[in-house]
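Student: Coordinates in protein25.txt, compact mmCIF, C-alpha atoms, are listed below.
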```txt
# COMPACT_ATOMS: atom_id res chain seq x y z
CA MET E 1 21.41 73.86 -119.51
CA ASN E 2 22.14 77.48 -118.78
CA GLY E 3 20.81 79.23 -121.86
CA SER E 4 24.34 79.74 -123.13
CA GLY E 5 23.34 78.47 -126.55
CA ASN E 6 24.73 74.96 -126.30
CA GLY E 7 21.40 73.46 -127.33
CA LYS E 8 20.55 72.00 -123.93
CA ALA E 9 17.24 72.70 -122.29
CA ASP E 10 17.14 75.34 -119.58
CA TRP E 11 16.37 72.99 -116.70
CA VAL E 12 16.76 75.73 -114.09
CA ALA E 13 13.84 77.61 -115.66
CA HIS E 14 11.83 74.37 -115.69
CA MET E 15 12.46 73.94 -111.98
CA HIS E 16 11.41 77.51 -111.36
CA ARG E 17 8.09 76.93 -113.16
CA ILE E 18 7.50 73.71 -111.24
CA SER E 19 8.27 75.41 -107.96
CA THR E 20 6.25 78.58 -108.49
CA VAL E 21 3.23 77.64 -110.66
CA ARG E 22 3.31 73.82 -110.38
CA ASP E 23 3.77 73.55 -114.15
CA LYS E 24 3.09 69.95 -115.17
CA ALA E 25 4.28 70.49 -118.75
CA ALA E 26 7.69 71.56 -117.45
CA PHE E 27 7.65 68.55 -115.16
CA GLY E 28 6.83 66.32 -118.14
CA GLU E 29 9.88 67.54 -120.06
CA LEU E 30 12.13 67.02 -117.05
CA PHE E 31 10.65 63.57 -116.60
CA GLN E 32 11.25 62.63 -120.22
CA TYR E 33 14.90 63.61 -120.03
CA PHE E 34 15.89 62.61 -116.51
CA ALA E 35 13.72 59.64 -115.48
CA PRO E 36 15.32 57.21 -118.00
CA ARG E 37 18.76 58.42 -116.91
CA VAL E 38 17.95 57.90 -113.24
CA LYS E 39 16.68 54.43 -114.11
CA ALA E 40 19.88 53.58 -116.03
CA PHE E 41 21.98 54.97 -113.17
CA LEU E 42 20.15 52.80 -110.63
CA MET E 43 20.43 49.68 -112.80
CA LYS E 44 24.17 50.27 -113.18
CA SER E 45 24.24 50.63 -109.39
CA GLY E 46 22.91 47.09 -109.01
CA ALA E 47 19.11 47.49 -108.99
CA ASP E 48 17.03 45.14 -111.14
CA GLU E 49 14.73 46.75 -113.67
CA GLY E 50 11.60 46.66 -111.51
CA LEU E 51 13.28 48.27 -108.52
CA ALA E 52 15.02 50.85 -110.74
CA GLU E 53 11.67 51.75 -112.34
CA ASP E 54 9.99 52.19 -108.94
CA CYS E 55 12.87 54.20 -107.50
CA ALA E 56 13.15 56.42 -110.60
CA GLN E 57 9.43 57.20 -110.20
CA ASP E 58 10.01 58.01 -106.52
CA VAL E 59 12.88 60.31 -107.46
CA MET E 60 10.67 62.25 -109.88
CA VAL E 61 7.89 62.57 -107.28
CA THR E 62 10.48 63.86 -104.79
CA LEU E 63 11.64 66.38 -107.39
CA TRP E 64 8.06 67.68 -107.64
CA ASN E 65 7.49 67.75 -103.89
CA LYS E 66 10.81 69.39 -103.01
CA ALA E 67 11.11 71.68 -106.03
CA HIS E 68 11.12 74.75 -103.76
CA MET E 69 14.28 73.47 -102.09
CA PHE E 70 16.28 73.42 -105.31
CA ASP E 71 18.86 76.21 -105.16
CA PRO E 72 20.38 76.97 -108.60
CA THR E 73 23.23 78.91 -107.00
CA ARG E 74 24.42 75.69 -105.34
CA ALA E 75 23.75 72.89 -107.83
CA SER E 76 22.73 72.17 -111.40
CA VAL E 77 19.45 70.31 -111.91
CA ALA E 78 21.37 67.15 -112.90
CA THR E 79 23.46 67.38 -109.72
CA TRP E 80 20.40 67.89 -107.57
CA ILE E 81 18.59 64.94 -109.16
CA PHE E 82 21.72 62.84 -108.69
CA THR E 83 21.68 63.55 -104.93
CA ILE E 84 18.01 62.52 -104.73
CA ALA E 85 18.70 59.32 -106.72
CA ARG E 86 21.76 58.53 -104.62
CA ASN E 87 19.82 58.92 -101.38
CA ARG E 88 17.00 56.75 -102.74
CA ARG E 89 19.61 54.13 -103.67
CA ILE E 90 21.14 54.15 -100.17
CA ASP E 91 17.65 53.70 -98.77
CA ALA E 92 16.42 51.00 -101.14
CA LEU E 93 19.57 49.05 -102.01
CA ARG E 94 21.85 49.47 -99.03
CA LYS E 95 19.12 49.98 -96.45
CA ASP E 96 21.51 52.26 -94.65
CA ARG E 97 21.05 55.58 -92.92
CA ARG E 98 22.80 58.63 -94.31
CA PRO E 99 23.43 61.56 -91.98
CA GLU E 100 23.16 64.87 -93.87
CA PRO E 101 24.96 68.13 -93.03
CA GLU E 102 23.06 70.85 -91.25
CA ASP E 103 21.50 73.13 -93.84
CA LEU E 104 22.87 76.59 -94.24
CA ALA E 105 21.04 79.42 -92.52
CA TRP E 106 21.67 81.79 -95.45
CA GLY E 107 19.96 80.06 -98.36
CA PRO E 108 18.11 79.42 -100.57
CA GLU E 109 16.82 82.91 -101.15
CA GLU E 110 13.52 83.59 -102.81
CA GLU E 111 15.07 85.28 -105.83
CA PRO E 112 18.59 83.96 -106.40
CA ASP E 113 21.09 86.29 -108.05
CA GLN E 114 21.08 85.45 -111.78
CA ALA E 115 24.82 86.01 -112.06
CA ASP E 116 25.40 83.41 -109.31
CA VAL E 117 23.08 80.99 -111.11
CA MET E 118 24.95 81.46 -114.41
CA THR E 119 28.35 81.01 -112.78
CA LEU E 120 27.35 77.82 -111.03
CA GLN E 121 25.73 76.30 -114.09
CA GLN E 122 28.70 77.18 -116.31
CA GLU E 123 31.20 75.76 -113.83
CA THR E 124 29.19 72.56 -113.60
CA ASP E 125 29.17 72.30 -117.39
CA ARG E 126 32.93 72.79 -117.44
CA LEU E 127 33.42 70.10 -114.82
CA GLY E 128 31.29 67.78 -116.94
CA GLU E 129 33.38 68.58 -120.03
CA ALA E 130 36.59 67.94 -118.09
CA ILE E 131 35.30 64.53 -117.02
CA LYS E 132 34.21 63.65 -120.56
CA ALA E 133 37.68 64.58 -121.82
CA LEU E 134 39.41 62.17 -119.41
CA PRO E 135 41.07 59.00 -120.69
CA GLU E 136 38.48 56.23 -120.80
CA LYS E 137 40.03 54.22 -117.95
CA GLN E 138 39.88 57.17 -115.56
CA ARG E 139 36.35 58.02 -116.57
CA GLU E 140 35.27 54.44 -116.00
CA LEU E 141 36.81 54.53 -112.52
CA ILE E 142 34.82 57.65 -111.65
CA GLU E 143 31.65 55.95 -112.90
CA LYS E 144 32.45 52.85 -110.86
CA ALA E 145 32.90 54.99 -107.75
CA TYR E 146 29.52 56.71 -108.26
CA PHE E 147 27.69 53.51 -109.19
CA GLY E 148 28.84 52.24 -105.79
CA ASP E 149 31.27 49.66 -107.18
CA LEU E 150 34.26 51.06 -105.26
CA SER E 151 34.36 50.87 -101.48
CA HIS E 152 35.75 53.84 -99.55
CA GLY E 153 38.94 51.82 -99.08
CA GLU E 154 39.23 51.28 -102.82
CA ILE E 155 38.66 54.98 -103.49
CA ALA E 156 41.53 55.73 -101.11
CA THR E 157 43.95 53.22 -102.66
CA GLU E 158 42.93 53.48 -106.33
CA THR E 159 45.69 55.55 -107.91
CA GLY E 160 43.93 55.88 -111.28
CA LEU E 161 41.15 58.09 -109.92
CA PRO E 162 41.62 61.57 -111.39
CA LEU E 163 41.02 63.44 -108.16
CA GLY E 164 43.29 66.20 -109.50
CA THR E 165 40.81 66.98 -112.26
CA ILE E 166 38.09 67.41 -109.70
CA LYS E 167 40.43 69.35 -107.42
CA SER E 168 41.18 71.89 -110.12
CA ARG E 169 37.47 72.76 -110.07
CA ILE E 170 37.38 73.14 -106.32
CA ARG E 171 39.13 76.50 -106.33
CA LEU E 172 36.25 77.80 -108.40
CA ALA E 173 33.76 76.27 -106.02
CA LEU E 174 35.39 78.12 -103.13
CA GLU E 175 35.31 81.44 -104.95
CA ARG E 176 31.64 80.88 -105.67
CA LEU E 177 30.93 80.09 -102.06
CA ARG E 178 32.63 83.25 -100.85
CA HIS E 179 30.65 85.24 -103.38
CA THR E 180 27.39 83.69 -102.27
CA MET E 181 28.13 84.35 -98.62
CA ARG E 182 28.88 88.03 -99.08
CA MET G 1 33.85 80.42 -85.06
CA ASN G 2 37.47 79.44 -84.93
CA VAL G 3 39.48 78.84 -88.08
CA ILE G 4 39.51 75.28 -89.37
CA ASN G 5 42.92 74.15 -90.60
CA HIS G 6 42.47 70.40 -91.05
CA HIS G 7 39.94 69.25 -93.62
CA LEU G 8 38.30 66.17 -95.09
CA THR G 9 40.29 64.13 -97.61
CA ASP G 10 39.16 63.99 -101.25
CA GLU G 11 38.63 60.26 -100.82
CA LEU G 12 36.15 60.66 -97.96
CA LEU G 13 34.34 63.47 -99.79
CA MET G 14 34.06 61.38 -102.93
CA GLY G 15 32.84 58.35 -100.98
CA TYR G 16 30.24 60.51 -99.23
CA ALA G 17 29.08 62.06 -102.52
CA ALA G 18 28.94 58.62 -104.14
CA GLY G 19 26.94 57.34 -101.17
CA THR G 20 29.20 54.39 -100.42
CA LEU G 21 30.59 55.24 -97.00
CA PRO G 22 29.56 53.18 -93.98
CA GLU G 23 27.07 55.10 -91.83
CA ALA G 24 29.67 55.98 -89.18
CA PHE G 25 31.93 57.68 -91.75
CA SER G 26 28.94 59.49 -93.27
CA LEU G 27 28.20 60.80 -89.78
CA ILE G 28 31.66 62.28 -89.27
CA VAL G 29 31.70 63.76 -92.81
CA ALA G 30 28.26 65.35 -92.33
CA THR G 31 29.26 66.70 -88.91
CA HIS G 32 32.49 68.23 -90.21
CA ILE G 33 30.69 69.81 -93.18
CA SER G 34 28.19 71.36 -90.78
CA MET G 35 31.17 73.15 -89.19
CA CYS G 36 33.25 73.83 -92.33
CA ASP G 37 32.08 75.90 -95.31
CA GLU G 38 35.18 75.04 -97.30
CA CYS G 39 34.44 71.31 -97.26
CA ARG G 40 30.76 72.04 -97.95
CA ALA G 41 31.85 73.76 -101.16
CA ARG G 42 34.23 70.90 -102.01
CA LEU G 43 31.37 68.44 -101.51
CA GLY G 44 29.40 70.52 -104.03
CA SER G 45 32.07 69.70 -106.61
CA PHE G 46 31.96 65.99 -105.83
CA ASP G 47 28.16 65.99 -106.04
CA ALA G 48 28.50 67.72 -109.42
CA VAL G 49 30.68 64.83 -110.60
CA GLY G 50 27.77 62.56 -109.70
CA GLY G 51 25.42 64.79 -111.69
CA SER G 52 27.71 64.43 -114.69
CA VAL G 53 27.86 60.63 -114.29
CA LEU G 54 24.05 60.54 -114.09
CA GLU G 55 23.66 62.57 -117.27
CA GLU G 56 26.21 60.59 -119.25
CA CYS G 57 25.55 57.02 -118.12
CA GLY G 58 22.95 56.36 -120.79
CA SER G 59 19.22 55.97 -120.40
CA HIS G 60 16.85 53.08 -119.91
CA ALA G 61 13.27 53.46 -121.14
CA MET G 62 10.70 53.93 -118.41
CA ALA G 63 7.66 51.65 -118.33
CA GLU G 64 4.86 52.64 -120.70
CA ASP G 65 2.44 53.91 -118.05
CA SER G 66 5.22 55.37 -115.92
CA PHE G 67 4.53 59.05 -116.47
CA SER G 68 0.78 58.78 -115.87
CA GLU G 69 1.47 56.81 -112.68
CA VAL G 70 3.79 59.54 -111.46
CA LEU G 71 1.29 62.27 -112.41
CA GLY G 72 -1.27 60.45 -110.29
CA ARG G 73 1.03 60.67 -107.31
CA LEU G 74 1.70 64.40 -107.61
CA ASP G 75 0.28 66.73 -105.08
CA GLY G 76 -1.64 69.32 -107.08
CA ALA G 77 -1.80 71.86 -104.31
CA PRO G 78 -0.01 75.14 -104.86
CA ASN G 79 3.51 74.96 -103.62
CA SER G 80 4.06 76.43 -100.23
CA GLN G 81 6.88 78.87 -100.61
CA PRO G 82 9.95 78.04 -98.63
CA ILE G 83 9.62 79.40 -95.17
CA ARG G 84 13.00 80.16 -93.75
CA VAL G 85 12.56 79.78 -90.07
CA GLU G 86 15.62 81.30 -88.55
CA THR G 87 15.51 79.21 -85.45
CA GLU G 88 18.45 79.50 -83.20
CA THR G 89 19.12 75.80 -83.51
CA SER G 90 19.63 76.17 -87.27
CA ASN G 91 22.74 78.19 -86.61
CA GLY G 92 25.52 76.35 -84.83
CA ALA G 93 27.37 79.59 -84.17
CA ASN G 94 24.69 80.61 -81.68
CA HIS G 95 25.27 77.46 -79.71
CA ALA G 96 28.96 77.00 -79.37
CA ASP G 97 28.38 74.44 -76.65
CA SER G 98 25.95 72.15 -78.44
CA PHE G 99 26.82 69.36 -80.83
CA PRO G 100 26.33 70.02 -84.57
CA TRP G 101 22.99 68.89 -85.89
CA PRO G 102 23.90 65.59 -87.66
CA LEU G 103 25.62 64.36 -84.51
CA ALA G 104 22.84 65.67 -82.26
CA GLU G 105 20.45 63.42 -84.21
CA TYR G 106 22.34 60.49 -82.71
CA VAL G 107 23.44 61.62 -79.24
CA GLY G 108 21.38 64.72 -78.47
CA SER G 109 22.73 68.24 -78.64
CA ASP G 110 23.93 68.58 -75.06
CA PRO G 111 27.54 67.45 -74.48
CA SER G 112 26.95 67.29 -70.73
CA ALA G 113 24.18 64.71 -71.22
CA VAL G 114 26.45 62.10 -72.84
CA LYS G 115 26.61 58.81 -70.93
CA TRP G 116 30.35 58.15 -70.75
CA LYS G 117 32.12 54.90 -70.03
CA SER G 118 35.59 54.91 -68.55
CA LEU G 119 38.53 53.72 -70.63
CA GLY G 120 40.91 54.13 -67.68
CA GLY G 121 43.26 57.01 -66.93
CA GLY G 122 40.39 59.50 -66.99
CA VAL G 123 39.74 58.92 -70.70
CA ARG G 124 36.08 58.21 -71.40
CA HIS G 125 34.13 57.18 -74.44
CA SER G 126 30.60 56.59 -75.65
CA VAL G 127 29.91 54.33 -78.62
CA ILE G 128 27.33 55.62 -81.11
CA LYS G 129 25.03 53.02 -82.63
CA THR G 130 25.48 52.84 -86.41
CA SER G 131 25.26 50.08 -89.00
CA LYS G 132 28.22 47.75 -89.27
CA GLY G 133 31.30 48.42 -91.37
CA ALA G 134 32.73 51.10 -89.11
CA THR G 135 32.42 52.27 -85.52
CA ALA G 136 31.69 55.80 -84.31
CA ARG G 137 32.31 56.95 -80.75
CA LEU G 138 32.64 60.09 -78.73
CA LEU G 139 35.95 60.31 -76.91
CA ARG G 140 36.66 62.57 -73.96
CA ILE G 141 40.28 63.21 -73.01
CA PRO G 142 40.92 65.19 -69.81
CA ALA G 143 42.77 68.48 -70.28
CA GLY G 144 46.52 67.92 -70.41
CA MET G 145 46.19 64.13 -70.72
CA THR G 146 48.02 61.97 -73.26
CA MET G 147 46.00 59.37 -75.11
CA PRO G 148 47.49 55.89 -75.03
CA ASP G 149 49.92 55.44 -77.93
CA HIS G 150 48.04 53.68 -80.68
CA GLY G 151 48.15 52.74 -84.33
CA HIS G 152 45.41 51.55 -86.65
CA ASN G 153 44.59 48.49 -88.66
CA GLY G 154 42.44 50.53 -91.02
CA LEU G 155 41.20 54.07 -91.44
CA GLU G 156 40.59 56.38 -88.48
CA ALA G 157 38.99 59.82 -88.63
CA THR G 158 38.93 62.14 -85.60
CA LEU G 159 36.88 65.35 -85.47
CA VAL G 160 37.39 67.76 -82.57
CA LEU G 161 34.13 69.07 -81.10
CA LYS G 162 35.36 70.82 -77.94
CA GLY G 163 38.78 71.66 -76.58
CA ALA G 164 41.88 70.82 -78.61
CA TYR G 165 44.68 68.28 -78.90
CA ARG G 166 48.13 68.20 -80.41
CA ASP G 167 50.08 65.39 -82.01
CA ASP G 168 53.08 65.13 -84.34
CA ASP G 169 50.99 66.63 -87.13
CA GLY G 170 50.00 69.81 -85.35
CA ARG G 171 47.16 71.30 -83.36
CA TYR G 172 43.56 70.21 -83.75
CA GLY G 173 40.81 72.51 -82.46
CA PRO G 174 37.02 72.51 -82.85
CA GLY G 175 36.03 71.61 -86.42
CA ASP G 176 39.45 70.19 -87.34
CA ILE G 177 39.43 66.63 -88.66
CA GLU G 178 42.38 64.25 -88.76
CA VAL G 179 42.28 61.28 -91.10
CA ALA G 180 44.88 58.61 -90.38
CA ASN G 181 45.61 55.34 -92.09
CA GLU G 182 47.33 52.20 -90.88
CA GLU G 183 50.88 53.46 -91.34
CA PHE G 184 50.27 56.19 -88.85
CA ASP G 185 51.07 55.98 -85.15
CA HIS G 186 50.18 58.93 -83.02
CA THR G 187 49.96 60.06 -79.44
CA PRO G 188 47.47 62.89 -79.14
CA VAL G 189 47.82 65.15 -76.10
CA ALA G 190 44.79 67.16 -74.99
CA GLU G 191 45.55 70.84 -74.42
CA ASP G 192 45.41 72.29 -70.95
CA GLY G 193 42.36 74.23 -69.87
CA GLU G 194 39.40 72.20 -71.13
CA ASP G 195 38.61 68.51 -71.73
CA CYS G 196 38.89 67.54 -75.36
CA ILE G 197 35.77 65.93 -76.84
CA CYS G 198 36.16 64.26 -80.24
CA LEU G 199 34.05 62.19 -82.59
CA THR G 200 36.18 59.32 -83.86
CA VAL G 201 35.36 56.73 -86.50
CA THR G 202 37.36 53.60 -87.21
CA ASP G 203 36.82 50.78 -89.64
CA ALA G 204 39.01 48.40 -87.62
CA PRO G 205 39.88 48.14 -83.91
CA LEU G 206 42.60 50.45 -82.62
CA LYS G 207 45.95 48.88 -81.69
CA PHE G 208 47.18 50.24 -78.39
CA ARG G 209 50.88 49.92 -77.67
CA GLY G 210 50.85 49.99 -73.89
CA LEU G 211 50.31 46.69 -72.07
CA VAL G 212 47.35 47.69 -69.93
CA PRO G 213 45.25 49.21 -72.68
CA ARG G 214 46.00 46.18 -74.84
CA ILE G 215 44.73 43.83 -72.16
CA ALA G 216 41.72 46.00 -71.46
CA GLN G 217 40.80 46.45 -75.11
CA PRO G 218 38.67 43.31 -75.58
CA PHE G 219 36.66 44.14 -72.47
CA LEU G 220 36.10 47.77 -73.32
CA GLY G 221 34.92 46.98 -76.81
CA ILE G 222 37.02 49.64 -78.51
```
Show the structure stored in the file as structure tokens.
Tutor:
Amino acid sequence: MNGSGNGKADWVAHMHRISTVRDKAAFGELFQYFAPRVKAFLMKSGADEGLAEDCAQDVMVTLWNKAHMFDPTRASVATWIFTIARNRRIDALRKDRRPEPEDLAWGPEEEPDQADVMTLQQETDRLGEAIKALPEKQRELIEKAYFGDLSHGEIATETGLPLGTIKSRIRLALERLRHTMR
Amino acid sequence: MNVINHHLTDELLMGYAAGTLPEAFSLIVATHISMCDECRARLGSFDAVGGSVLEECGSHAMAEDSFSEVLGRLDGAPNSQPIRVETETSNGANHADSFPWPLAEYVGSDPSAVKWKSLGGGVRHSVIKTSKGATARLLRIPAGMTMPDHGHNGLEATLVLKGAYRDDDGRYGPGDIEVANEEFDHTPVAEDGEDCICLTVTDAPLKFRGLVPRIAQPFLGI
């Protein structure tokens, strides 16, 4: 995902092409990879196939329309698409309103620092690896939480959730933030 | 901006990232994050967990004509480059007296325009309309005043917006958030000098210990 030679596509570059020259071929490749995943995610979150199909299409249209808002120093493409899919799910399945934080006044910049982009993408990959390496039970609990199968009360009382694994990545997130704010 | 010492719990951040919090809790999380860069960065990590779940949860084939349908919905116009309008309202630091943006969406940005209802003893509140599952309210405690002693049946989160209070756990100033569960009894005391305005969210009614507040509770709707 970050051109580090792990065989994954460079989705950040795809997003850049979509944002700057409205590249439909790049969009097609993103669609092929992510749309079926968004659909599976929504079905595991309780949507039937028809609704999941419609919402996954909406998510991909949103990706196209808001491509200029994607900031590769703050999120990987998968993370960004997850937040769009999650918000679509809250809208369509829970019919709830979700207040969002005030956006930062200092980003995104027109030309993000490539070193910041690399760091963020590598950290995200490492977090993903750490989650994949978890014992199956813990990984399943994380999935349940993100599919919406755990209430906030259950997240608070569920002792098997590996919050420590996530926490160990937070220090890095803070260092990144300080770097970005300099 | 003053230093924030009390932050969101991992559980609330994860619930917010997963999108499963009741609206009232999402409101207090979003408001705190607007004031706290540290928790904004922590939320980035919890969002990234969601990105990993999305990538690894398998795939389900899209309908045959799906891609052409989506192409038909795309706006072909050249993308308008992001215009960063540095409005004053986009920067909370310029407006120390106004409510952070997510909260202002609900109650307006001007603290002096809030329509308060008395809770007795000079304490006032204003309930914020959200979907059911949890209740959000603004609470205004006069400077130097002690809140009635209370415990909780469920989860309570309190975010200081103006002024400050102290309880057994320390001092809470603007931006600080206190998350308390049912085992926790506390008696917050507002600091002298300025009324303390907080955003509080509960998922169950508060239990006041004193007789009068307990009698008044059903009528006040808190």
Student: Per residue of chain G within 8 Å of chain E, which atom pair is closest and at what distance in Å (one decimal), using only C-alpha atoms, listed by chain and increasing number, as JSON lines?
Tutor:
```
{"residue": "G:Asp10", "atom": "CA", "partner": "E:Leu163", "partner_atom": "CA", "distance": 7.2}
{"residue": "G:Glu11", "atom": "CA", "partner": "E:Ala156", "partner_atom": "CA", "distance": 5.4}
{"residue": "G:Leu12", "atom": "CA", "partner": "E:His152", "partner_atom": "CA", "distance": 7.0}
{"residue": "G:Met14", "atom": "CA", "partner": "E:Ile155", "partner_atom": "CA", "distance": 7.9}
{"residue": "G:Gly15", "atom": "CA", "partner": "E:His152", "partner_atom": "CA", "distance": 5.6}
{"residue": "G:Ala17", "atom": "CA", "partner": "E:Tyr146", "partner_atom": "CA", "distance": 7.9}
{"residue": "G:Ala18", "atom": "CA", "partner": "E:Tyr146", "partner_atom": "CA", "distance": 4.6}
{"residue": "G:Gly19", "atom": "CA", "partner": "E:Arg86", "partner_atom": "CA", "distance": 6.3}
{"residue": "G:Thr20", "atom": "CA", "partner": "E:Gly148", "partner_atom": "CA", "distance": 5.8}
{"residue": "G:Leu21", "atom": "CA", "partner": "E:His152", "partner_atom": "CA", "distance": 5.9}
{"residue": "G:Glu23", "atom": "CA", "partner": "E:Arg98", "partner_atom": "CA", "distance": 6.1}
{"residue": "G:Ser26", "atom": "CA", "partner": "E:Pro99", "partner_atom": "CA", "distance": 6.0}
{"residue": "G:Leu27", "atom": "CA", "partner": "E:Pro99", "partner_atom": "CA", "distance": 5.3}
{"residue": "G:Ala30", "atom": "CA", "partner": "E:Pro101", "partner_atom": "CA", "distance": 4.4}
{"residue": "G:Thr31", "atom": "CA", "partner": "E:Pro101", "partner_atom": "CA", "distance": 6.1}
{"residue": "G:Ile33", "atom": "CA", "partner": "E:Pro101", "partner_atom": "CA", "distance": 6.0}
{"residue": "G:Ser34", "atom": "CA", "partner": "E:Pro101", "partner_atom": "CA", "distance": 5.1}
{"residue": "G:Glu38", "atom": "CA", "partner": "E:Leu174", "partner_atom": "CA", "distance": 6.6}
{"residue": "G:Ala41", "atom": "CA", "partner": "E:Ala173", "partner_atom": "CA", "distance": 5.8}
{"residue": "G:Arg42", "atom": "CA", "partner": "E:Ile170", "partner_atom": "CA", "distance": 5.8}
{"residue": "G:Gly44", "atom": "CA", "partner": "E:Ala75", "partner_atom": "CA", "distance": 7.2}
{"residue": "G:Ser45", "atom": "CA", "partner": "E:Ile170", "partner_atom": "CA", "distance": 6.3}
{"residue": "G:Phe46", "atom": "CA", "partner": "E:Ile166", "partner_atom": "CA", "distance": 7.4}
{"residue": "G:Asp47", "atom": "CA", "partner": "E:Thr79", "partner_atom": "CA", "distance": 6.1}
{"residue": "G:Ala48", "atom": "CA", "partner": "E:Thr79", "partner_atom": "CA", "distance": 5.1}
{"residue": "G:Val49", "atom": "CA", "partner": "E:Gly128", "partner_atom": "CA", "distance": 7.0}
{"residue": "G:Gly50", "atom": "CA", "partner": "E:Phe82", "partner_atom": "CA", "distance": 6.1}
{"residue": "G:Gly51", "atom": "CA", "partner": "E:Thr79", "partner_atom": "CA", "distance": 3.8}
{"residue": "G:Ser52", "atom": "CA", "partner": "E:Gly128", "partner_atom": "CA", "distance": 5.4}
{"residue": "G:Val53", "atom": "CA", "partner": "E:Glu143", "partner_atom": "CA", "distance": 6.2}
{"residue": "G:Leu54", "atom": "CA", "partner": "E:Phe41", "partner_atom": "CA", "distance": 6.0}
{"residue": "G:Glu55", "atom": "CA", "partner": "E:Arg37", "partner_atom": "CA", "distance": 6.4}
{"residue": "G:Cys57", "atom": "CA", "partner": "E:Phe41", "partner_atom": "CA", "distance": 6.4}
{"residue": "G:Gly58", "atom": "CA", "partner": "E:Arg37", "partner_atom": "CA", "distance": 6.1}
{"residue": "G:Ser59", "atom": "CA", "partner": "E:Arg37", "partner_atom": "CA", "distance": 4.3}
{"residue": "G:His60", "atom": "CA", "partner": "E:Pro36", "partner_atom": "CA", "distance": 4.8}
{"residue": "G:Ala61", "atom": "CA", "partner": "E:Pro36", "partner_atom": "CA", "distance": 5.3}
{"residue": "G:Met62", "atom": "CA", "partner": "E:Pro36", "partner_atom": "CA", "distance": 5.7}
{"residue": "G:Ala63", "atom": "CA", "partner": "E:Glu53", "partner_atom": "CA", "distance": 7.2}
{"residue": "G:Ser66", "atom": "CA", "partner": "E:Gln57", "partner_atom": "CA", "distance": 7.3}
{"residue": "G:Phe67", "atom": "CA", "partner": "E:Phe31", "partner_atom": "CA", "distance": 7.6}
{"residue": "G:Val70", "atom": "CA", "partner": "E:Gln57", "partner_atom": "CA", "distance": 6.2}
{"residue": "G:Arg73", "atom": "CA", "partner": "E:Val61", "partner_atom": "CA", "distance": 7.1}
{"residue": "G:Leu74", "atom": "CA", "partner": "E:Val61", "partner_atom": "CA", "distance": 6.5}
{"residue": "G:Asp75", "atom": "CA", "partner": "E:Asn65", "partner_atom": "CA", "distance": 7.4}
{"residue": "G:Gly76", "atom": "CA", "partner": "E:Arg22", "partner_atom": "CA", "distance": 7.5}
{"residue": "G:Pro78", "atom": "CA", "partner": "E:Arg22", "partner_atom": "CA", "distance": 6.6}
{"residue": "G:Asn79", "atom": "CA", "partner": "E:Ser19", "partner_atom": "CA", "distance": 6.5}
{"residue": "G:Gln81", "atom": "CA", "partner": "E:His68", "partner_atom": "CA", "distance": 6.7}
{"residue": "G:Pro82", "atom": "CA", "partner": "E:His68", "partner_atom": "CA", "distance": 6.2}
{"residue": "G:Glu86", "atom": "CA", "partner": "E:Ala105", "partner_atom": "CA", "distance": 7.0}
{"residue": "G:Ser90", "atom": "CA", "partner": "E:Ala105", "partner_atom": "CA", "distance": 6.3}
{"residue": "G:Asn91", "atom": "CA", "partner": "E:Ala105", "partner_atom": "CA", "distance": 6.3}
{"residue": "G:Pro100", "atom": "CA", "partner": "E:Glu102", "partner_atom": "CA", "distance": 7.5}
{"residue": "G:Trp101", "atom": "CA", "partner": "E:Glu102", "partner_atom": "CA", "distance": 5.7}
{"residue": "G:Pro102", "atom": "CA", "partner": "E:Pro99", "partner_atom": "CA", "distance": 5.9}
{"residue": "G:Ser131", "atom": "CA", "partner": "E:Asp96", "partner_atom": "CA", "distance": 7.1}
```
Student: Go through G:Gly154, G:Cys36, G:Arg124, G:Leu8 and flag the residue nearest Ile141 in chain G, using all atoms listed in the file for the distances.
Tutor: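 Counting all atoms listed in the file, the residue closest to Ile141 in chain G is G:Arg124.
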Student: Just to confirm, what's the straight-line distance from CA of Glu194 in chain G to CA of Arg137 in chain G in Å (one decimal)?
Tutor: 19.4 Å
Student: To one decimal place in Å, what is the distance between CA of Leu30 in chain E and CA of Thr73 in chain E?
Tutor: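 Separating CA of Leu30 in chain E from CA of Thr73 in chain E is a distance of 19.1 Å.
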Student: Nearest to Val127 in chain G among G:Leu139, G:Leu155, G:Leu161, G:Leu13, with distances taken over all atoms listed in the file: which residue is it?
Tutor: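 Checking each candidate against Val127 in chain G, we get G:Leu139 as the closest.
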Student: Using all atoms listed in the file, which residue out of G:Cys198, G:Ala164, G:Ile177, G:Ile28 lies closest to Leu138 in chain G?
Tutor: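 Of G:Cys198, G:Ala164, G:Ile177, G:Ile28, the one nearest Leu138 in chain G, counting all atoms listed in the file, is G:Cys198.
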Student: What gap, in Å, lies between CA of Lys129 in chain G and CA of Val29 in chain G?
Tutor: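 Going from CA of Lys129 in chain G over to CA of Val29 in chain G, I get 16.2 Å.
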